[in-house]
Amino acid sequence: MVSRNEFVNTLVDLIMKAETELSKDVLEVIKKAEKEEEYEIAKVVLQTIIKNVEVALERRIPICQDTGILVFFLDVGIDAKYNFDIYDAIREATRIATKEVPLRPNAVHPITRVNSGDNTGIYVPVVHTSVVEGDEIKVTVMPKGAGSENVSKLMMLLPGEVEKIPEYVVEVIRNAGGKPCPPVFVGVGIGGTFDECAVLSKKALLRDVRYMNDFERKILDMLNSLNIGPMGLGGKTTALSVLVETAHCHTASLPLAINVQCWANRRASTILG
Amino acid sequence: MKKLKLNIEKIFGYDLNAGDIVYLSGDIVTARDKAHLRAVKLIKENKIEEVPTELFHLPIYHCGPLIKNSKVVSAGPTTSARMNEYAPLILEFSKCPIIIGKGGMNEGVVKKLEGRGYYLSFPGGAGALAAECIKEIKKIYWSDLGMAEAVYVFRVENFGPCIVAIDKKGRNLYVERSQK
């Protein structure tokens, strides 16, 4: 039986981990890009990024001051045993983490712009729940910053536009320029409904960024020929990975979601129970 | 490309070009969305004396820091383009037309910097490293705007790398790279 206390404490540690260290796969592709980059300014930017990650890890401080809106992905085993309100426990962990990590209070009311002060609010933190086989609860947290989220896009394409999908992705990254803190990771959702497509594009960013299929690699090559480069100052490293997830959709529609993620693709997972 | 350690007070004594990299020491002032909105509103209402004077005398850093117990924990730049609409009016009154941010700014801002100042790009996301260079919070204005949106005067040491992305001559790395 997972206790509420254990759940909350584990989540506070998980948020701390996500904010202060990058996963092995993410760091590996950034380091590879630094080695391969030839343009001097781009190299300096990538070296600064790597140094920053080292400082954050060593001092246990957030990699970026934009500690994001926290997005949680919950995989709840059908036989998992717990006797508390998981959503309430996630909110409590968020409040505690805001003080302890610390996190910058980012959550505001969308109209009044009044800050809640503790990173919670209406539907915040965001929680996506799936019911899965087994008796465990898997929790993943992704702190999502606004610089990259602001240039993300959802489009309802025509069914005949399948071939144009790579071009649409390129267009979004071209227009984003230096704004989302490139080199970026690009989560792409294809299909589903309007809502599901957006969730897919975000879930794609949870994958191991070192592995891509031919379609994803083709889009990545197109992006890296844009010469946007690290921080938009030029260079061949505009994107580090393109990660595509698909879902069946209505025969009359073709939803396409592009969730842009900064180089700091922060996420951490844990399993309880 | 030059790499220079510069005292902010003496920055205009150097001829900086796009692509140069500087490490700044001295005072800088932060301002982002809400501070820009308020400053512009006050200027338009002829209440310029109510605007923190540092916004006209120090480099403006587009930053919403993370602070705990009066200490800067993480403080990288925020996306400058959101300030495109408001920056020109503030720059008009500035004795130190220097902006530090990320991602670049539009033509309206570039024009205001021409012959006068610089746009410096600090690597976005490098908040932990930036905080290491911030030695003191000297002043806080408009704290009612909240932690991320208030105006802070920071004393910094070797703050960088700040890449000269837009220079006095109008050279703009963001435009140059898109034409390659």
# chains A, B, ... in the order shown; residues from 1 in each chain; ligands from 1
call {"tool": "closest_atom_pairs", "arguments": {"of": "chain A", "to": "chain B", "cutoff": "6 Å", "atoms": "only C-alpha atoms", "output": "tab-separated table"}}
result
residue	atom	partner	partner_atom	distance
A:Val45	CA	B:Pro123	CA	6.0
A:Ile49	CA	B:Ala126	CA	5.9
A:Asn52	CA	B:Leu129	CA	5.1
A:Ala56	CA	B:Ala128	CA	5.5
A:Ile63	CA	B:Ala128	CA	5.4
A:Cys64	CA	B:Gly127	CA	4.4
A:Gln65	CA	B:Ser74	CA	4.6
A:Arg104	CA	B:Leu66	CA	5.2
A:Gly178	CA	B:Gly103	CA	4.1
A:Lys179	CA	B:Gly103	CA	4.6
A:Cys181	CA	B:Gly124	CA	5.6
A:Leu233	CA	B:Tyr174	CA	5.6
A:Gly234	CA	B:Arg177	CA	5.1
call {"tool": "residues_around", "arguments": {"residues": "Glu149 in chain B", "least_positions_apart": "5", "cutoff": "10 Å", "atoms": "only C-alpha atoms", "output": "PyMOL selection string"}}
result
chain B and resi 30-36+62-65+141-144
call {"tool": "residues_around", "arguments": {"residues": "Met1 in chain A", "least_positions_apart": "3", "cutoff": "9 Å", "atoms": "only C-alpha atoms", "output": "PyMOL selection string"}}
result
chain A and resi 80-83+273
call {"tool": "residues_around", "arguments": {"residues": "Asp27 in chain B", "least_positions_apart": "5", "cutoff": "7 Å", "atoms": "only C-alpha atoms", "output": "list in words"}}
result
Leu58, Val153, Phe154, Arg155 and Val156 of chain B
call {"tool": "write_last_selection", "arguments": {"atoms": "C-alpha atoms", "output": "PDB file, in the first residue's frame"}}
result
ATOM      1  CA  LEU B  58      21.750  50.716 -16.667  1.00  0.00           C
ATOM      2  CA  VAL B 153      19.156  45.975  -9.644  1.00  0.00           C
ATOM      3  CA  PHE B 154      21.903  43.359  -9.667  1.00  0.00           C
ATOM      4  CA  ARG B 155      25.623  43.793  -9.167  1.00  0.00           C
ATOM      5  CA  VAL B 156      27.274  41.312 -11.505  1.00  0.00           C
TER       6      VAL B 156
END
call {"tool": "select_by_dssp", "arguments": {"residues": "range 1-103 of chain B", "states": "strand (DSSP E)", "output": "number ranges by chain"}}
result
B: 3-7, 21-30, 60-61, 66-68, 71-74, 98-101
call {"tool": "write_last_selection", "arguments": {"atoms": "N, CA and C atoms", "output": "CSV table (one decimal), in the first residue's frame"}}
result
chain,number,residue,atom,x,y,z
B,3,LYS,N,37.0,38.6,-27.4
B,3,LYS,CA,36.4,38.2,-26.1
B,3,LYS,C,36.9,39.2,-25.1
B,4,LEU,N,36.0,39.9,-24.4
B,4,LEU,CA,36.4,41.0,-23.6
B,4,LEU,C,35.8,40.9,-22.2
B,5,LYS,N,36.5,41.3,-21.2
B,5,LYS,CA,35.9,41.5,-19.9
B,5,LYS,C,35.7,43.0,-19.8
B,6,LEU,N,34.5,43.4,-19.5
B,6,LEU,CA,34.2,44.8,-19.5
B,6,LEU,C,33.5,45.3,-18.3
B,7,ASN,N,34.0,46.5,-17.9
B,7,ASN,CA,33.3,47.2,-16.8
B,7,ASN,C,32.1,48.0,-17.5
B,21,ILE,N,32.2,38.7,-27.9
B,21,ILE,CA,31.7,38.1,-26.7
B,21,ILE,C,32.2,38.9,-25.5
B,22,VAL,N,31.3,39.4,-24.6
B,22,VAL,CA,31.7,40.2,-23.5
B,22,VAL,C,31.3,39.6,-22.2
B,23,TYR,N,32.1,39.8,-21.1
B,23,TYR,CA,31.8,39.4,-19.8
B,23,TYR,C,31.7,40.7,-19.0
B,24,LEU,N,30.5,41.0,-18.5
B,24,LEU,CA,30.2,42.3,-17.9
B,24,LEU,C,30.4,42.3,-16.3
B,25,SER,N,30.9,43.4,-15.9
B,25,SER,CA,31.0,43.7,-14.4
B,25,SER,C,30.4,45.0,-14.1
B,26,GLY,N,29.6,45.1,-13.1
B,26,GLY,CA,28.9,46.4,-12.7
B,26,GLY,C,27.5,46.1,-12.4
B,27,ASP,N,26.6,47.2,-12.6
B,27,ASP,CA,25.2,47.0,-12.3
B,27,ASP,C,24.4,46.9,-13.5
B,28,ILE,N,23.4,46.0,-13.4
B,28,ILE,CA,22.3,45.8,-14.5
B,28,ILE,C,21.0,45.9,-13.8
B,29,VAL,N,19.9,46.1,-14.6
B,29,VAL,CA,18.6,46.1,-14.0
B,29,VAL,C,17.7,45.2,-14.8
B,30,THR,N,16.8,44.4,-14.1
B,30,THR,CA,15.9,43.5,-14.8
B,30,THR,C,14.6,44.2,-15.1
B,60,ILE,N,19.4,46.9,-19.5
B,60,ILE,CA,18.2,46.2,-19.0
B,60,ILE,C,18.3,44.8,-19.4
B,61,TYR,N,18.2,44.0,-18.4
B,61,TYR,CA,18.3,42.5,-18.5
B,61,TYR,C,16.8,41.9,-18.5
B,66,LEU,N,14.7,33.6,-10.2
B,66,LEU,CA,14.2,32.7,-9.1
B,66,LEU,C,15.0,33.1,-7.9
B,67,ILE,N,14.3,33.5,-6.8
B,67,ILE,CA,15.0,34.0,-5.6
B,67,ILE,C,14.5,33.3,-4.4
B,68,LYS,N,15.4,32.9,-3.5
B,68,LYS,CA,15.1,32.3,-2.3
B,68,LYS,C,15.8,33.0,-1.1
B,71,LYS,N,18.3,35.7,-2.0
B,71,LYS,CA,19.5,35.3,-2.8
B,71,LYS,C,19.0,34.8,-4.2
B,72,VAL,N,19.7,35.2,-5.2
B,72,VAL,CA,19.4,34.8,-6.6
B,72,VAL,C,19.8,33.3,-6.7
B,73,VAL,N,18.9,32.4,-7.1
B,73,VAL,CA,19.1,31.0,-7.2
B,73,VAL,C,19.4,30.7,-8.7
B,74,SER,N,18.6,31.2,-9.6
B,74,SER,CA,18.7,30.9,-11.0
B,74,SER,C,18.2,32.1,-11.7
B,98,ILE,N,21.4,49.5,-23.7
B,98,ILE,CA,21.9,48.2,-23.8
B,98,ILE,C,20.8,47.2,-23.3
B,99,ILE,N,20.5,46.2,-24.1
B,99,ILE,CA,19.5,45.2,-23.7
B,99,ILE,C,20.3,43.9,-23.7
B,100,ILE,N,20.0,43.1,-22.6
B,100,ILE,CA,20.6,41.8,-22.5
B,100,ILE,C,19.3,40.8,-22.4
B,101,GLY,N,19.3,39.9,-23.3
B,101,GLY,CA,18.2,38.9,-23.3
B,101,GLY,C,18.5,37.7,-24.2
call {"tool": "atom_distance", "arguments": {"atom1": "CA of Val131 in chain A", "atom2": "CA of Phe73 in chain A"}}
result
11.0 Å
call {"tool": "residues_around", "arguments": {"residues": "Val139 in chain A", "least_positions_apart": "5", "cutoff": "10 Å", "atoms": "only C-alpha atoms", "output": "PDB file with N, CA, C and O atoms, in the first residue's frame"}}
result
ATOM      1  N   PHE A   7       4.058   9.116  -1.038  1.00  0.00           N
ATOM      2  CA  PHE A   7       3.799   9.623  -2.389  1.00  0.00           C
ATOM      3  C   PHE A   7       4.242  11.084  -2.519  1.00  0.00           C
ATOM      4  O   PHE A   7       4.961  11.456  -3.450  1.00  0.00           O
ATOM      5  N   THR A  10       8.085  11.469  -2.241  1.00  0.00           N
ATOM      6  CA  THR A  10       8.734  10.967  -3.458  1.00  0.00           C
ATOM      7  C   THR A  10       8.595  11.981  -4.587  1.00  0.00           C
ATOM      8  O   THR A  10       9.536  12.221  -5.346  1.00  0.00           O
ATOM      9  N   LEU A  11       7.420  12.600  -4.678  1.00  0.00           N
ATOM     10  CA  LEU A  11       7.195  13.581  -5.744  1.00  0.00           C
ATOM     11  C   LEU A  11       8.021  14.851  -5.555  1.00  0.00           C
ATOM     12  O   LEU A  11       8.522  15.423  -6.534  1.00  0.00           O
ATOM     13  N   LEU A  14      11.289  14.033  -6.771  1.00  0.00           N
ATOM     14  CA  LEU A  14      11.237  13.876  -8.224  1.00  0.00           C
ATOM     15  C   LEU A  14      11.258  15.232  -8.933  1.00  0.00           C
ATOM     16  O   LEU A  14      11.951  15.407  -9.946  1.00  0.00           O
ATOM     17  N   PHE A  72       2.428  16.533 -15.113  1.00  0.00           N
ATOM     18  CA  PHE A  72       2.620  15.172 -14.605  1.00  0.00           C
ATOM     19  C   PHE A  72       1.962  14.151 -15.526  1.00  0.00           C
ATOM     20  O   PHE A  72       0.870  14.389 -16.050  1.00  0.00           O
ATOM     21  N   PHE A  73       2.639  13.034 -15.687  1.00  0.00           N
ATOM     22  CA  PHE A  73       2.056  11.895 -16.398  1.00  0.00           C
ATOM     23  C   PHE A  73       1.972  10.750 -15.402  1.00  0.00           C
ATOM     24  O   PHE A  73       2.984  10.343 -14.834  1.00  0.00           O
ATOM     25  N   LEU A  74       0.763  10.291 -15.171  1.00  0.00           N
ATOM     26  CA  LEU A  74       0.525   9.228 -14.189  1.00  0.00           C
ATOM     27  C   LEU A  74       0.127   7.955 -14.911  1.00  0.00           C
ATOM     28  O   LEU A  74      -0.822   7.957 -15.697  1.00  0.00           O
ATOM     29  N   ASP A  75       0.851   6.869 -14.649  1.00  0.00           N
ATOM     30  CA  ASP A  75       0.415   5.550 -15.130  1.00  0.00           C
ATOM     31  C   ASP A  75       0.017   4.760 -13.901  1.00  0.00           C
ATOM     32  O   ASP A  75       0.878   4.300 -13.146  1.00  0.00           O
ATOM     33  N   VAL A  76      -1.266   4.640 -13.704  1.00  0.00           N
ATOM     34  CA  VAL A  76      -1.745   3.975 -12.494  1.00  0.00           C
ATOM     35  C   VAL A  76      -2.098   2.517 -12.802  1.00  0.00           C
ATOM     36  O   VAL A  76      -2.953   2.241 -13.646  1.00  0.00           O
ATOM     37  N   VAL A 127      -2.148  17.305 -15.012  1.00  0.00           N
ATOM     38  CA  VAL A 127      -1.958  15.862 -14.795  1.00  0.00           C
ATOM     39  C   VAL A 127      -2.646  15.079 -15.909  1.00  0.00           C
ATOM     40  O   VAL A 127      -3.833  15.265 -16.169  1.00  0.00           O
ATOM     41  N   THR A 129      -3.525  11.255 -16.883  1.00  0.00           N
ATOM     42  CA  THR A 129      -3.578   9.952 -16.228  1.00  0.00           C
ATOM     43  C   THR A 129      -3.916   8.834 -17.208  1.00  0.00           C
ATOM     44  O   THR A 129      -4.806   8.983 -18.054  1.00  0.00           O
ATOM     45  N   ALA A 268      11.613  13.659 -15.252  1.00  0.00           N
ATOM     46  CA  ALA A 268      12.099  12.605 -14.367  1.00  0.00           C
ATOM     47  C   ALA A 268      10.938  11.685 -14.024  1.00  0.00           C
ATOM     48  O   ALA A 268       9.789  12.122 -13.934  1.00  0.00           O
ATOM     49  N   SER A 269      11.249  10.411 -13.847  1.00  0.00           N
ATOM     50  CA  SER A 269      10.210   9.416 -13.553  1.00  0.00           C
ATOM     51  C   SER A 269      10.556   8.615 -12.315  1.00  0.00           C
ATOM     52  O   SER A 269      11.729   8.437 -11.986  1.00  0.00           O
ATOM     53  N   THR A 270       9.507   8.087 -11.676  1.00  0.00           N
ATOM     54  CA  THR A 270       9.717   7.180 -10.557  1.00  0.00           C
ATOM     55  C   THR A 270       8.555   6.191 -10.497  1.00  0.00           C
ATOM     56  O   THR A 270       7.483   6.455 -11.057  1.00  0.00           O
ATOM     57  N   ILE A 271       8.790   5.077  -9.840  1.00  0.00           N
ATOM     58  CA  ILE A 271       7.736   4.073  -9.701  1.00  0.00           C
ATOM     59  C   ILE A 271       7.471   3.810  -8.223  1.00  0.00           C
ATOM     60  O   ILE A 271       8.418   3.619  -7.446  1.00  0.00           O
ATOM     61  N   LEU A 272       6.214   3.845  -7.839  1.00  0.00           N
ATOM     62  CA  LEU A 272       5.837   3.571  -6.452  1.00  0.00           C
ATOM     63  C   LEU A 272       5.030   2.286  -6.376  1.00  0.00           C
ATOM     64  O   LEU A 272       4.326   1.931  -7.309  1.00  0.00           O
TER      65      LEU A 272
END
